[in-house]
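Before any comments, here is the structure.
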Amino acid sequence: MKKYICSALLTCLVALPVMGAKSLVWPQPPEQARIKFEKSITKAEDLEIKKGFFSKIWDFFAGGEEKILVKPFGIHVDEGKIFVTDPGLATLFIFDTDNNKMRTIQGYKSEKFISPIDVATDGKGNIYVTDSVRKAVFIFNNRGIALRKIGKKNGLQRPTGIAVDKERQILYVSDTLASEIKRYSLKENKELKPIGSKGSGEGELNRPTFITLDNEGKLYICDSMNYRIKIFDRGGKLLSSFGSLGNTIGSFSSPRGIAVDKDGNIYVTDTLFNAVQIFDPQGNLLLVFGSKGSGPGEFFGPEDIAISKDGKAFVTDSYNMRVEAFDILSYNRNK
């Protein structure tokens with residue numbers, strides 16, 4: 001994808017959106033639109049997931065209330081499902097758009113979630129949830145039945161971001177307090193050598209948060225307190241890094257969520273900028289979208305971001321109590 005940030009944006013914090021009769025897009029004309037706002041999600045109905053007749057009858061007699069997001073945090077998309085952690089409700093939401101269902105998971109057996117932070121799935125559809133207060137990763141099958149957990153005995157201090165290499169069956173867990181990325185072989189059921197150690201050097205980390213993998217298995221880390229993005233190969237070797245502390249576009253103030261699109265472009269949320277910055281694979285800034293507010297396409301404390309195979313970007317807009325969905329328009333264009 002060609003670099004598409006225009007020089008006029010260099011004096012601004014964000015690329016301003018254009019609101020037409022039916023669409024909200026970035027960047028401004030005459031530049032070609034690259035990102036389009038699609039919808040805000042607070043409940044199942046926003047995804048056209050509707051309760052069946054018997055579910056409505058049960059809710060009426062049981063006094064059930066509609067479940068609405070309170071503090072959406074981590075997000076993951078896979079096979080028509082949108083997984084959202086909500087530490088405000090100590091709940092994992094699973095929106096199954098293909099099967100018109102929504103369900104929740106609130107704990108592992110007798111252990112209720114306290115602070116679920118992030119979520120991932122493996123090739124079998126098993127679900128992995130980090131809980132930073134429980135100091136554990138809880139694992140469920142695709143029906144939400146508890147399977148096992150990785151906990152204190154594995155040395156986790158504050159697990160936050162999580163990702164699964166489905167091909168190699170490797171689980172990656174960002175241990176924010178330890179300033180390293182723990183690795184586990186799901187196939188052999190054993191812990192592997194971690195990535196990183198506390199520090200500010202090239203291969204070191206300082207309070208890493210969310211992580212993601214690309215199609216080649218490269219690991220992208222939001223090295224939050226070093227204000228950098230770091231990229232490692234499958235063997236744990238540092239490939240590249242970019243970023244610095246600042247208050248202008250292209251720098252970071254409080255980087256958190258990270259995702260990679262099919263072209264290798266890197267999307268980073270910043271909770272203090274209240275925006276998403278997009279970089280090319282070499283770390284050059286392409287575009288910024290979003291600004292502080294509560295309207296469509298605006299954010300108040302964006303945390304995580306995930307990109308679906310069909311080019312939808314989902315951002316947890318935490319303090320606005322919603323998930324915002326955007327369309328990456330290049331996915332639907334002939335190149």
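Identifiers in this document derive from the order of the structure tokens: chains are assigned A, B, ..., residues are numbered from 1 separately in each chain, and ligands are numbered from 1 in order of occurrence.
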- Task: Tell me, as a PyMOL selection string, which residues lie within 9 Å of range 78-95 of chain A, counting only C-alpha atoms; anything in the same chain fewer than 5 positions away does not count.
- Result: chain A and resi 43-44+47+49+69-73+100-107+112-121+125+129+131+308-309+314+316+318+323
- Task: From a DSSP calculation on the backbone, collect every residue of range 25-222 of chain A in strand (DSSP E) and output the set as a PyMOL selection string.
- Result: chain A and resi 25-26+35-41+75-78+81-86+91-96+101-105+107-108+111-112+116-121+127-131+136-140+146-150+159-165+170-175+180-185+190-195+211-213+219-222
Could you name the residues that touch range 176-181 of chain A at 7 Å or less, counting only C-alpha atoms, but leaving out those on the same chain fewer than 5 positions away, as a compact mmCIF listing (two decimals) with C-alpha atoms, in the first residue's frame?
# COMPACT_ATOMS: atom_id res chain seq x y z
CA GLN A 157 2.90 -11.45 37.63
CA ARG A 158 0.44 -9.34 35.65
CA PRO A 159 -0.72 -11.01 32.41
CA THR A 160 -2.33 -8.60 29.97
CA PRO A 194 10.52 -15.68 27.30
CA ILE A 195 11.09 -12.73 24.99
CA GLY A 196 12.60 -9.54 26.40
CA SER A 197 13.66 -8.34 29.82
CA LYS A 198 13.19 -5.09 31.72
CA LEU A 205 10.83 -4.03 27.30
CA ASN A 206 9.23 -1.71 29.82
CA ARG A 207 5.67 -2.56 30.80
CA PRO A 208 4.51 -4.15 27.51
CA THR A 209 0.74 -4.29 27.04
- Task: Using CA of Leu186 in chain A and CA of Gly151 in chain A as the two end points, give the distance in Å to one decimal.
- Result: 14.7 Å
- Item | Selected residue of minimal separation from Thr248 in chain A among A:Val288, A:Asp233, A:Ile221, A:Leu213, counting only C-alpha atoms | A:Val288
- Excluding same-chain residues fewer than 5 positions from Gly301 in chain A, what lies within 12 Å of it counting only C-alpha atoms, as a PyMOL selection string? chain A and resi 71-73+254-257+269-276+290-294+315-323
Selection from above, C-alpha atoms, as a compact mmCIF listing (two decimals), in the first residue's frame, can you write it?
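Once everything was written out, this is selection_34.txt:
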# COMPACT_ATOMS: atom_id res chain seq x y z
CA LYS A 71 -15.73 -1.05 30.13
CA PRO A 72 -14.68 -2.90 26.96
CA PHE A 73 -10.95 -3.53 27.00
CA SER A 254 0.24 6.12 25.89
CA PRO A 255 0.35 3.35 23.26
CA ARG A 256 -1.77 0.30 24.08
CA GLY A 257 -3.51 -1.79 21.42
CA THR A 269 -4.18 2.88 19.70
CA ASP A 270 -3.08 5.68 22.02
CA THR A 271 -5.24 6.28 25.07
CA LEU A 272 -4.02 9.86 25.63
CA PHE A 273 -4.14 10.89 21.97
CA ASN A 274 -7.60 9.27 21.73
CA ALA A 275 -6.69 8.12 18.25
CA VAL A 276 -5.43 5.24 16.13
CA GLY A 290 -10.13 9.44 15.58
CA SER A 291 -10.16 12.30 18.08
CA LYS A 292 -11.40 12.89 21.61
CA GLY A 293 -15.17 12.84 22.02
CA SER A 294 -18.24 10.64 22.22
CA VAL A 315 -11.55 -0.56 18.60
CA THR A 316 -12.52 -0.83 22.26
CA ASP A 317 -13.58 2.72 23.14
CA SER A 318 -13.38 2.03 26.84
CA TYR A 319 -14.70 5.14 28.59
CA ASN A 320 -17.41 5.62 25.99
CA MET A 321 -18.52 2.08 26.91
CA ARG A 322 -18.57 0.79 23.34
CA VAL A 323 -16.68 -0.86 20.53
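The gap separating CA of Leu285 in chain A from CA of Gly236 in chain A is 25.3 Å, in Å to one decimal.
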- Query: Excluding same-chain residues fewer than 4 positions from Tyr220 in chain A, what lies within 9 Å of it counting only C-alpha atoms, as a PyMOL selection string?
  - Reply: chain A and resi 210-214+229-232+258-260+266
- When you draw a straight line from CA of Val173 in chain A to CA of Ile150 in chain A, how long is it in Å? 10.3 Å
